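K.L.:
Encoded as structure tokens, here's the structure I'll be asking about.
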Amino acid sequence: MKKIYSLIAAALISTAAFSQVTLTLMLDVNAYVAAGNTINAAGVHLAGQFMTNGCTEITSDWNPADAGGGLTDMGAGIWGITLTFSAEPDDSLQFKFINGNDWAVGGPNIEGQSGTTLLSDACGFGDGFGGYNRLFVFSDETEEGYQFCWDMCTRCDGSDPEIVGIFNQVPVSTNISVYPNPATSTATVGFNVALPGEVTFEVYNITGQLVKSFTSSFAVSGNNEYALDLSGIENGMYNLIIRSGDAIATKSIVKN
């Protein structure tokens, strides 16, 4: 049976008939570089059906030059990006990682090329040219994110791409903001809670380990801000968990 990895990194759902979905994608290029390839000066980019699915950062379909589709170099051969979809997305999303920001980079610099790709029906959809696009099916499951190996369905060690699935609770807010993001030592978190009281902020790394935790008792009903101290945390991509009573919300943060 065809295996399709369901993807939804974090769902922030309002009380109205509206859903906002945040997806974290990470790409391991170590094996690709070890094979003699060089990362393009423009960096790694995405191209796919993002406008069709209501992505707020990538506002055009199949356009590697779209500024919102550029991944962040996380170091150690890992590139990452977090995308927000402003409305309930379609059932599926097709996309590719591209080494560069122009289709002219060609051949081995574009995933899914006929005759060389390790993408398959296990995680892809035929592109009509003998190759594959990556394919994800959105579902009601809540999973934190995914890490892939260049041009493969899995991570580079062959393991499942799912990073961790720990967020599946009622949201605190439908409007979480972090500024600046990427951040250096401090980030300001904007959030909304229905009731006043204690709020906990937890920072998890990409393997799901808690690296820092803060508690604030100042939160009032409505909009709030909190200065998040990121000093002492290594550079990289993290997930911020905000807890207020039984409610929870998530937001990706990059520390550099």
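Letters A, B, ... mark the chains of the structure tokens in the order given; residue numbers begin at 1 per chain; ligand numbers begin at 1, in order shown.
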May I have all residues of region 44-198 of chain A that DSSP, computed from the backbone, assigns to helix (DSSP H, G or I), given as a PyMOL selection string?

P.N.:
chain A and resi 67-69+103-105+107-109

K.L.:
Compile the contact shell of region 53-66 of chain A as an NGL selection string: residues with an atom at most 10 Å away, counting only C-alpha atoms, same-chain residues fewer than 4 positions apart removed.

P.N.:
:A and (20-23 or 42 or 44-49 or 70 or 82-103)

K.L.:
Those residues with C-alpha atoms, as a PDB file, in the first residue's frame please?

P.N.:
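The resulting part02.pdb:
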ATOM      1  CA  GLN A  20      -4.060  28.162  11.116  1.00  0.00           C
ATOM      2  CA  VAL A  21      -1.388  25.540  10.508  1.00  0.00           C
ATOM      3  CA  THR A  22       2.347  25.987  11.041  1.00  0.00           C
ATOM      4  CA  LEU A  23       4.754  23.555   9.355  1.00  0.00           C
ATOM      5  CA  ALA A  42      21.596  31.742  -2.922  1.00  0.00           C
ATOM      6  CA  VAL A  44      18.374  26.206  -0.334  1.00  0.00           C
ATOM      7  CA  HIS A  45      14.818  27.048  -1.392  1.00  0.00           C
ATOM      8  CA  LEU A  46      11.368  25.505  -1.662  1.00  0.00           C
ATOM      9  CA  ALA A  47       9.056  25.430  -4.658  1.00  0.00           C
ATOM     10  CA  GLY A  48       5.598  23.903  -4.663  1.00  0.00           C
ATOM     11  CA  GLN A  49       1.850  24.413  -4.274  1.00  0.00           C
ATOM     12  CA  GLY A  70      14.387  30.455   1.440  1.00  0.00           C
ATOM     13  CA  THR A  82       8.755  27.270   9.293  1.00  0.00           C
ATOM     14  CA  LEU A  83       5.690  28.113   7.210  1.00  0.00           C
ATOM     15  CA  THR A  84       2.250  29.306   8.252  1.00  0.00           C
ATOM     16  CA  PHE A  85      -0.930  28.561   6.337  1.00  0.00           C
ATOM     17  CA  SER A  86      -3.582  31.204   6.973  1.00  0.00           C
ATOM     18  CA  ALA A  87      -6.521  28.916   6.301  1.00  0.00           C
ATOM     19  CA  GLU A  88      -7.318  25.204   6.379  1.00  0.00           C
ATOM     20  CA  PRO A  89      -5.025  23.811   3.649  1.00  0.00           C
ATOM     21  CA  ASP A  90      -6.073  21.425   0.911  1.00  0.00           C
ATOM     22  CA  ASP A  91      -5.676  17.726   1.627  1.00  0.00           C
ATOM     23  CA  SER A  92      -2.208  17.523   0.108  1.00  0.00           C
ATOM     24  CA  LEU A  93       0.856  19.594  -0.651  1.00  0.00           C
ATOM     25  CA  GLN A  94       3.425  18.956  -3.399  1.00  0.00           C
ATOM     26  CA  PHE A  95       6.870  20.585  -3.237  1.00  0.00           C
ATOM     27  CA  LYS A  96      10.608  20.206  -3.879  1.00  0.00           C
ATOM     28  CA  PHE A  97      13.809  21.383  -2.209  1.00  0.00           C
ATOM     29  CA  ILE A  98      16.091  23.235  -4.643  1.00  0.00           C
ATOM     30  CA  ASN A  99      19.783  24.050  -4.241  1.00  0.00           C
ATOM     31  CA  GLY A 100      19.514  27.653  -5.415  1.00  0.00           C
ATOM     32  CA  ASN A 101      16.610  29.920  -6.282  1.00  0.00           C
ATOM     33  CA  ASP A 102      16.208  29.345 -10.028  1.00  0.00           C
ATOM     34  CA  TRP A 103      15.077  26.329 -12.056  1.00  0.00           C
TER      35      TRP A 103
END

K.L.:
If you run DSSP on the backbone here, which positions in region 47-256 of chain A get strand (DSSP E or B)? Please write them as JSON, numbers by chain.

P.N.:
{"A": [47, 48, 55, 70, 72, 73, 74, 75, 78, 79, 80, 81, 82, 83, 84, 85, 92, 93, 94, 95, 96, 97, 98, 99, 110, 118, 124, 125, 126, 132, 133, 134, 135, 136, 137, 146, 147, 148, 149, 152, 162, 177, 178, 179, 183, 186, 187, 188, 189, 190, 191, 192, 193, 197, 198, 199, 200, 201, 202, 203, 204, 210, 211, 212, 213, 214, 215, 216, 217, 218, 219, 222, 223, 224, 225, 226, 227, 228, 229, 236, 237, 238, 239, 240, 241, 242, 243, 244, 247, 248, 249, 250, 251, 252, 253, 254, 255]}

K.L.:
I want to know what sits within 12 Å of Ser252 (chain A), based on only C-alpha atoms, with residues of the same chain fewer than 3 positions away left out; could you give that as JSON, numbers by chain?

P.N.:
{"A": [9, 10, 22, 23, 24, 25, 80, 81, 82, 83, 84, 144, 145, 176, 177, 178, 179, 180, 181, 182, 183, 187, 189, 202, 203, 204, 205, 206, 236, 237, 238, 239, 240, 241, 242, 249, 255]}

K.L.:
Given only C-alpha atoms as the basis, pick out the residue of A:Gly131, A:Leu210, A:Asn256, A:Cys156 nearest to Thr186 (chain A).

P.N.:
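Closest to Thr186 (chain A) of all the choices is A:Asn256.
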
K.L.:
Can you pull out every residue within 12 Å of Thr38 (chain A), counting only C-alpha atoms, but drop anything in the same chain fewer than 2 positions away, and send it as a list of chain:residue names?

P.N.:
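The filter keeps A:Val29, A:Asn30, A:Ala31, A:Tyr32, A:Val33, A:Ala34, A:Ala35, A:Gly36, A:Asn40, A:Ala41, A:Ala42, A:Gly43, A:Val44, A:Gly77, A:Asn99, A:Gly100, A:Val105, A:Pro108, A:Asn109.
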